[in-house]
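Undergrad: My questions all concern the structure below.
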Amino acid sequence: MGMLAFRVSLALPARLANLKDQFYINFIADDRYMYLVRGLWMTLRITFFAVLLGIALGVVAAIIRSTYDKNVDDMRPGIGKAILKILNAIVKLYLTIIRGTPVVVQLMITYYVIFQSSTNTMLVAVLAFGINSGAYVAEIIRSGIMSIDNGQFEAGRSLGFNYIQTMWYIIIPQALKNVLPALANEFIVLVKETSVSGYVGIMDLTRGGDVIRSRTFVAFMPLLAVAGIYLIIVIIFSKLVSVMERRLRNSER
Amino acid sequence: MSADLEKNDVIISVKNLAKHYKNKKTEIHALDGITTDIRRGEVLVIIGPSGSGKSTFLRSLNLLERPTEGTITFEGVDITAPETDINKLRQKMGMVFQHFNLFPHLTIMDNMTLAPRKLLNMSREDAEAKALELLARVGLQDRADAYPSQLSGGQKQRIAIVRALCMSPDVLLFDEPTSALDPEMVGEVLDVMKALAKTGMTMAVVTHEMGFAKEVGTRVIFMDEGVIVEEGTPNEIFDNPKNERLQAFLAKVL
Ligand SMILES: Nc1ncnc2c1ncn2[C@@H]1O[C@H](COP(=O)(O)OP(=O)(O)OP(=O)(O)O)[C@@H](O)[C@H]1O
Ligand SMILES: [Mg+2]
């Protein structure tokens, strides 16, 4: 700790002296700031589409899991029960594998093994991060479904809605509303997780900063800029989440 | 189908209905062989001590609970048969719950029109016109755009009743519709139920409101330990109870 402080204090004045030069070399010369701009744009696009895919997968997985948990004991043996059991087993396998392995490995497998080094790397990243996110979103939404009073379910069924209709019109809207802050949080997590996209050659924000570093041979400024940009995105989103939470609390009463 | 049914026709026929809950070691016989008919236009009131199986019986009628044994025939169809489309039949059997179970994410209007629009393919205009008419009947026409959380308990339950009526059911099932209400709101809900009974609606009502049972009921069933112990007109049950368990029960609640 003391050692570190000593080094920093020695290094800092020298750096401060040519701060302006550094800024010029890293960002202005050769329009290097464009690495960050383009990288940020890529990071945001990957995150956005991956979140959408994650929510879609998560809703489906959550419905299967909670349908299984709620109904399997009461179901008569038959084709419906068999299908539900198989679907539930598939979903469980999906959740176990995705949550049990690092996202970088999943990304590399998607790129090198499944898509055989496809040229559409952004699509690969969206798929990999979306499938990854879906496993976490599934548990968020499942907890949302489980938090809805069973009376809601019975009211829907007693009006004549079938199981899926009751889920769709009555349970899922309430469940999503309850977990909206948690879902927004998942976006925050994912923004940061996409920073490993460089492993499959994607020019995301992190990679953009790293490219600048490799050109200018200075790490300090480009990497600090990258960190700062992530931080700003996360702070903005956290703010949105807390506004959302307050709104939801007020609307409950 | 329902149009051919005359008053006094049997609309629901229950034979040897049993429901057993299996726990790890014990087996609870919530219902232990119930046989009865519900006729069109009848107001059947079900009374009995806590845990006697009243809710289980009522909820079996629309298969919210699946019976272990026995048959239930609704408008000539055996609803316990595996090939029966229970969703279709439930459209004709409305249910009102103790805790209202309004949909909190929808306005009163949408609570009422969701099922007719999605299940009966009614147009929005028709469904809303019908809902407004029903709302007027319970004096809540000005609350159509409110959300359930903005209503009192009594108002919620009146909405729950008219929400069920929007599907034009042939039978309405009530499970302790006033038990969750503050005392001053019980009357307004019972009044709606009385008015409904006068229109000839077939009703099965689980309740602790003995006044309602006497005044509106056409027949009373007293249940205990999963069986029907005594059954008769309100006069027979309340003024001339034969079974001693019924006598003891009435001594407690009256
Ligand atoms: N899901 C369940 N699992 C196990 N036992 C149950 C279940 N539902 C009901 N029971 C049992 O079945 C019996 C009948 O319950 P039921 O709810 O029908 O009684 P009730 O007459 O409606 O009582 P209350 O007046 O308290 O509402 C009770 O012993 C109850 O504990
Ligand atoms: Mg009950």
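Identifiers in this document derive from the order of the structure tokens: chains are assigned A, B, ..., residues are numbered from 1 separately in each chain, and ligands are numbered from 1 in order of occurrence.
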Hey, which residues come within 6 Å of ligand 1 if we count only C-alpha atoms and all ligand atoms? Could you give them as a list in words?
TA: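 Checked against 6 Å with only C-alpha atoms and all ligand atoms; the hits are Tyr21, Ala30, Pro49, Ser50, Gly51, Ser52, Gly53, Lys54, Ser55 and Thr56 of chain B.
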Undergrad: Neighbouring residues of region 12-18 of chain B were defined as those with any atom within 8 Å, considering only C-alpha atoms; residues of the same chain fewer than 6 positions away were excluded. Please report them as a PyMOL selection string.
TA: chain B and resi 29-39+67-75
Undergrad: For C-alpha atoms, I'd like the residues from the last selection saved as a tab-separated table (two decimals), in the first residue's frame.
TA:
```
chain	number	residue	atom	x	y	z
B	29	HIS	CA	-60.26	-35.99	3.61
B	30	ALA	CA	-61.33	-32.44	2.78
B	31	LEU	CA	-64.41	-33.84	1.01
B	32	ASP	CA	-65.69	-37.30	1.76
B	33	GLY	CA	-68.54	-38.13	-0.58
B	34	ILE	CA	-70.76	-35.15	-1.44
B	35	THR	CA	-73.88	-35.66	-3.50
B	36	THR	CA	-76.22	-32.81	-4.35
B	37	ASP	CA	-77.90	-31.01	-7.24
B	38	ILE	CA	-77.97	-27.29	-7.89
B	39	ARG	CA	-81.02	-26.12	-9.79
B	67	PRO	CA	-61.57	-34.00	-7.19
B	68	THR	CA	-60.01	-37.29	-6.14
B	69	GLU	CA	-63.25	-39.16	-6.77
B	70	GLY	CA	-66.76	-38.55	-8.01
B	71	THR	CA	-68.33	-36.68	-10.89
B	72	ILE	CA	-69.58	-33.16	-11.46
B	73	THR	CA	-71.97	-32.57	-14.32
B	74	PHE	CA	-72.49	-29.00	-15.49
B	75	GLU	CA	-75.28	-28.36	-17.99
```
Undergrad: How would you write, as a PDB file with C-alpha atoms, in the first residue's frame, the set of residues in region 63-218 of chain A that DSSP gives as alpha helix (DSSP H)?
TA:
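The new file part28.pdb reads:
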```pdb
ATOM      1  CA  ILE A  63     -42.560 -19.491 -17.636  1.00  0.00           C
ATOM      2  CA  ILE A  64     -41.385 -23.064 -18.174  1.00  0.00           C
ATOM      3  CA  ARG A  65     -39.698 -23.262 -14.782  1.00  0.00           C
ATOM      4  CA  SER A  66     -42.588 -21.790 -12.820  1.00  0.00           C
ATOM      5  CA  THR A  67     -45.181 -23.783 -14.756  1.00  0.00           C
ATOM      6  CA  TYR A  68     -43.274 -26.907 -13.860  1.00  0.00           C
ATOM      7  CA  ASP A  69     -42.894 -25.987 -10.203  1.00  0.00           C
ATOM      8  CA  LYS A  70     -46.560 -25.059  -9.802  1.00  0.00           C
ATOM      9  CA  ASN A  71     -48.269 -27.776 -11.786  1.00  0.00           C
ATOM     10  CA  ILE A  79     -48.175 -36.194 -23.192  1.00  0.00           C
ATOM     11  CA  GLY A  80     -48.533 -32.735 -21.642  1.00  0.00           C
ATOM     12  CA  LYS A  81     -46.729 -33.755 -18.497  1.00  0.00           C
ATOM     13  CA  ALA A  82     -43.975 -35.467 -20.502  1.00  0.00           C
ATOM     14  CA  ILE A  83     -43.398 -32.374 -22.640  1.00  0.00           C
ATOM     15  CA  LEU A  84     -43.314 -30.144 -19.577  1.00  0.00           C
ATOM     16  CA  LYS A  85     -40.772 -32.412 -17.923  1.00  0.00           C
ATOM     17  CA  ILE A  86     -38.524 -32.369 -20.982  1.00  0.00           C
ATOM     18  CA  LEU A  87     -38.780 -28.588 -21.390  1.00  0.00           C
ATOM     19  CA  ASN A  88     -38.008 -28.086 -17.726  1.00  0.00           C
ATOM     20  CA  ALA A  89     -34.974 -30.357 -17.978  1.00  0.00           C
ATOM     21  CA  ILE A  90     -33.695 -28.415 -21.004  1.00  0.00           C
ATOM     22  CA  VAL A  91     -34.154 -25.084 -19.216  1.00  0.00           C
ATOM     23  CA  LYS A  92     -32.412 -26.370 -16.109  1.00  0.00           C
ATOM     24  CA  LEU A  93     -29.486 -27.578 -18.197  1.00  0.00           C
ATOM     25  CA  TYR A  94     -29.317 -24.176 -19.923  1.00  0.00           C
ATOM     26  CA  LEU A  95     -29.305 -22.336 -16.589  1.00  0.00           C
ATOM     27  CA  THR A  96     -26.696 -24.636 -15.090  1.00  0.00           C
ATOM     28  CA  ILE A  97     -24.278 -24.434 -18.007  1.00  0.00           C
ATOM     29  CA  ILE A  98     -24.596 -20.693 -18.542  1.00  0.00           C
ATOM     30  CA  ARG A  99     -24.289 -19.788 -14.901  1.00  0.00           C
ATOM     31  CA  GLY A 100     -21.541 -22.305 -14.299  1.00  0.00           C
ATOM     32  CA  VAL A 103     -18.972 -15.485 -20.117  1.00  0.00           C
ATOM     33  CA  VAL A 104     -15.637 -15.050 -21.986  1.00  0.00           C
ATOM     34  CA  VAL A 105     -15.488 -18.779 -22.568  1.00  0.00           C
ATOM     35  CA  GLN A 106     -19.099 -18.777 -23.763  1.00  0.00           C
ATOM     36  CA  LEU A 107     -18.272 -15.927 -26.128  1.00  0.00           C
ATOM     37  CA  MET A 108     -15.247 -17.727 -27.555  1.00  0.00           C
ATOM     38  CA  THR A 121     -18.887 -10.605 -35.002  1.00  0.00           C
ATOM     39  CA  MET A 122     -21.498  -8.272 -33.586  1.00  0.00           C
ATOM     40  CA  LEU A 123     -24.203 -10.884 -34.158  1.00  0.00           C
ATOM     41  CA  VAL A 124     -22.014 -13.451 -32.431  1.00  0.00           C
ATOM     42  CA  ALA A 125     -21.562 -11.162 -29.466  1.00  0.00           C
ATOM     43  CA  VAL A 126     -25.276 -10.339 -29.245  1.00  0.00           C
ATOM     44  CA  LEU A 127     -26.079 -14.057 -29.270  1.00  0.00           C
ATOM     45  CA  ALA A 128     -23.444 -14.974 -26.717  1.00  0.00           C
ATOM     46  CA  PHE A 129     -24.260 -12.167 -24.293  1.00  0.00           C
ATOM     47  CA  GLY A 130     -28.011 -12.494 -24.886  1.00  0.00           C
ATOM     48  CA  ILE A 131     -27.985 -16.219 -24.148  1.00  0.00           C
ATOM     49  CA  ASN A 132     -25.831 -15.532 -21.111  1.00  0.00           C
ATOM     50  CA  SER A 133     -28.067 -12.748 -19.861  1.00  0.00           C
ATOM     51  CA  GLY A 134     -31.191 -14.859 -20.454  1.00  0.00           C
ATOM     52  CA  ALA A 135     -30.099 -17.297 -17.766  1.00  0.00           C
ATOM     53  CA  TYR A 136     -29.907 -14.538 -15.174  1.00  0.00           C
ATOM     54  CA  VAL A 137     -33.040 -12.764 -16.409  1.00  0.00           C
ATOM     55  CA  ALA A 138     -34.916 -16.074 -16.151  1.00  0.00           C
ATOM     56  CA  GLU A 139     -34.299 -16.230 -12.425  1.00  0.00           C
ATOM     57  CA  ILE A 140     -35.271 -12.578 -12.008  1.00  0.00           C
ATOM     58  CA  ILE A 141     -38.547 -13.080 -13.851  1.00  0.00           C
ATOM     59  CA  ARG A 142     -39.227 -16.382 -12.143  1.00  0.00           C
ATOM     60  CA  SER A 143     -38.991 -14.663  -8.782  1.00  0.00           C
ATOM     61  CA  GLY A 144     -41.375 -12.031 -10.179  1.00  0.00           C
ATOM     62  CA  ILE A 145     -43.880 -14.692 -11.233  1.00  0.00           C
ATOM     63  CA  MET A 146     -43.607 -16.466  -7.883  1.00  0.00           C
ATOM     64  CA  ASN A 150     -52.046 -17.211  -6.457  1.00  0.00           C
ATOM     65  CA  GLY A 151     -55.463 -15.544  -6.268  1.00  0.00           C
ATOM     66  CA  GLN A 152     -54.562 -13.620  -9.439  1.00  0.00           C
ATOM     67  CA  PHE A 153     -54.002 -16.890 -11.174  1.00  0.00           C
ATOM     68  CA  GLU A 154     -57.256 -18.379  -9.912  1.00  0.00           C
ATOM     69  CA  ALA A 155     -59.211 -15.266 -10.903  1.00  0.00           C
ATOM     70  CA  GLY A 156     -57.858 -15.556 -14.438  1.00  0.00           C
ATOM     71  CA  ARG A 157     -58.618 -19.257 -14.691  1.00  0.00           C
ATOM     72  CA  SER A 158     -62.103 -18.843 -13.209  1.00  0.00           C
ATOM     73  CA  LEU A 159     -62.974 -16.364 -15.964  1.00  0.00           C
ATOM     74  CA  TYR A 163     -52.941 -21.359 -18.477  1.00  0.00           C
ATOM     75  CA  ILE A 164     -50.955 -19.485 -21.123  1.00  0.00           C
ATOM     76  CA  GLN A 165     -53.528 -16.698 -21.484  1.00  0.00           C
ATOM     77  CA  THR A 166     -53.584 -16.216 -17.724  1.00  0.00           C
ATOM     78  CA  ILE A 172     -46.446 -11.656 -16.649  1.00  0.00           C
ATOM     79  CA  PRO A 173     -47.409  -7.943 -16.815  1.00  0.00           C
ATOM     80  CA  GLN A 174     -47.480  -7.771 -13.020  1.00  0.00           C
ATOM     81  CA  ALA A 175     -44.326  -9.856 -12.644  1.00  0.00           C
ATOM     82  CA  LEU A 176     -42.388  -7.693 -15.131  1.00  0.00           C
ATOM     83  CA  LYS A 177     -43.513  -4.541 -13.372  1.00  0.00           C
ATOM     84  CA  ASN A 178     -42.271  -5.929 -10.068  1.00  0.00           C
ATOM     85  CA  VAL A 179     -38.845  -6.841 -11.441  1.00  0.00           C
ATOM     86  CA  LEU A 180     -38.315  -3.841 -13.715  1.00  0.00           C
ATOM     87  CA  PRO A 181     -35.565  -2.400 -11.488  1.00  0.00           C
ATOM     88  CA  ALA A 182     -33.810  -5.777 -11.366  1.00  0.00           C
ATOM     89  CA  LEU A 183     -34.002  -6.001 -15.169  1.00  0.00           C
ATOM     90  CA  ALA A 184     -32.527  -2.530 -15.558  1.00  0.00           C
ATOM     91  CA  ASN A 185     -29.786  -3.666 -13.225  1.00  0.00           C
ATOM     92  CA  GLU A 186     -29.100  -6.578 -15.562  1.00  0.00           C
ATOM     93  CA  PHE A 187     -28.444  -3.990 -18.292  1.00  0.00           C
ATOM     94  CA  ILE A 188     -25.839  -2.375 -16.041  1.00  0.00           C
ATOM     95  CA  VAL A 189     -24.161  -5.725 -15.439  1.00  0.00           C
ATOM     96  CA  LEU A 190     -24.184  -6.536 -19.122  1.00  0.00           C
ATOM     97  CA  VAL A 191     -22.649  -3.229 -20.226  1.00  0.00           C
ATOM     98  CA  LYS A 192     -19.602  -4.133 -18.187  1.00  0.00           C
ATOM     99  CA  GLU A 193     -19.557  -7.791 -19.221  1.00  0.00           C
ATOM    100  CA  LEU A 205     -15.174   0.405 -26.044  1.00  0.00           C
ATOM    101  CA  THR A 206     -12.520  -1.507 -24.084  1.00  0.00           C
ATOM    102  CA  ARG A 207     -10.811  -2.718 -27.213  1.00  0.00           C
ATOM    103  CA  GLY A 208     -10.925   0.805 -28.647  1.00  0.00           C
ATOM    104  CA  GLY A 209      -9.032   2.117 -25.649  1.00  0.00           C
ATOM    105  CA  ASP A 210      -6.581  -0.748 -25.869  1.00  0.00           C
ATOM    106  CA  VAL A 211      -5.920  -0.067 -29.532  1.00  0.00           C
ATOM    107  CA  ILE A 212      -5.043   3.543 -28.688  1.00  0.00           C
ATOM    108  CA  ARG A 213      -2.704   2.246 -26.001  1.00  0.00           C
ATOM    109  CA  SER A 214      -0.965  -0.040 -28.467  1.00  0.00           C
ATOM    110  CA  ARG A 215      -0.483   2.831 -30.915  1.00  0.00           C
ATOM    111  CA  THR A 216       0.691   5.482 -28.466  1.00  0.00           C
TER     112      THR A 216
END
```
Undergrad: Find the residues of chain B in contact range of chain A, meaning any atom within 9 Å when counting only C-alpha atoms, and list them as a ChimeraX atom specification.
TA: /B:62-64,66,86-97,99-106,114-115,118-119,149-150,163-164,167
Undergrad: For each of B:Phe222, B:Phe238, B:Phe212, B:Phe57, take the minimum atom-to-atom distance to ligand 2, counting only C-alpha atoms and all ligand atoms, then give the residue where this is smallest.
TA: B:Phe57
Undergrad: Determine the nearest neighbour of Ile202 (chain A) from the options A:Leu44, A:Ser238, A:Asn120, A:Asn18, counting only C-alpha atoms.
TA: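 Checking each of A:Leu44, A:Ser238, A:Asn120, A:Asn18 against Ile202 (chain A), counting only C-alpha atoms, the winner is A:Asn120.
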Undergrad: Tell me, in Å to one decimal, how far CA of Tyr35 (chain A) is from CA of Phe49 (chain A).
TA: 21.2 Å
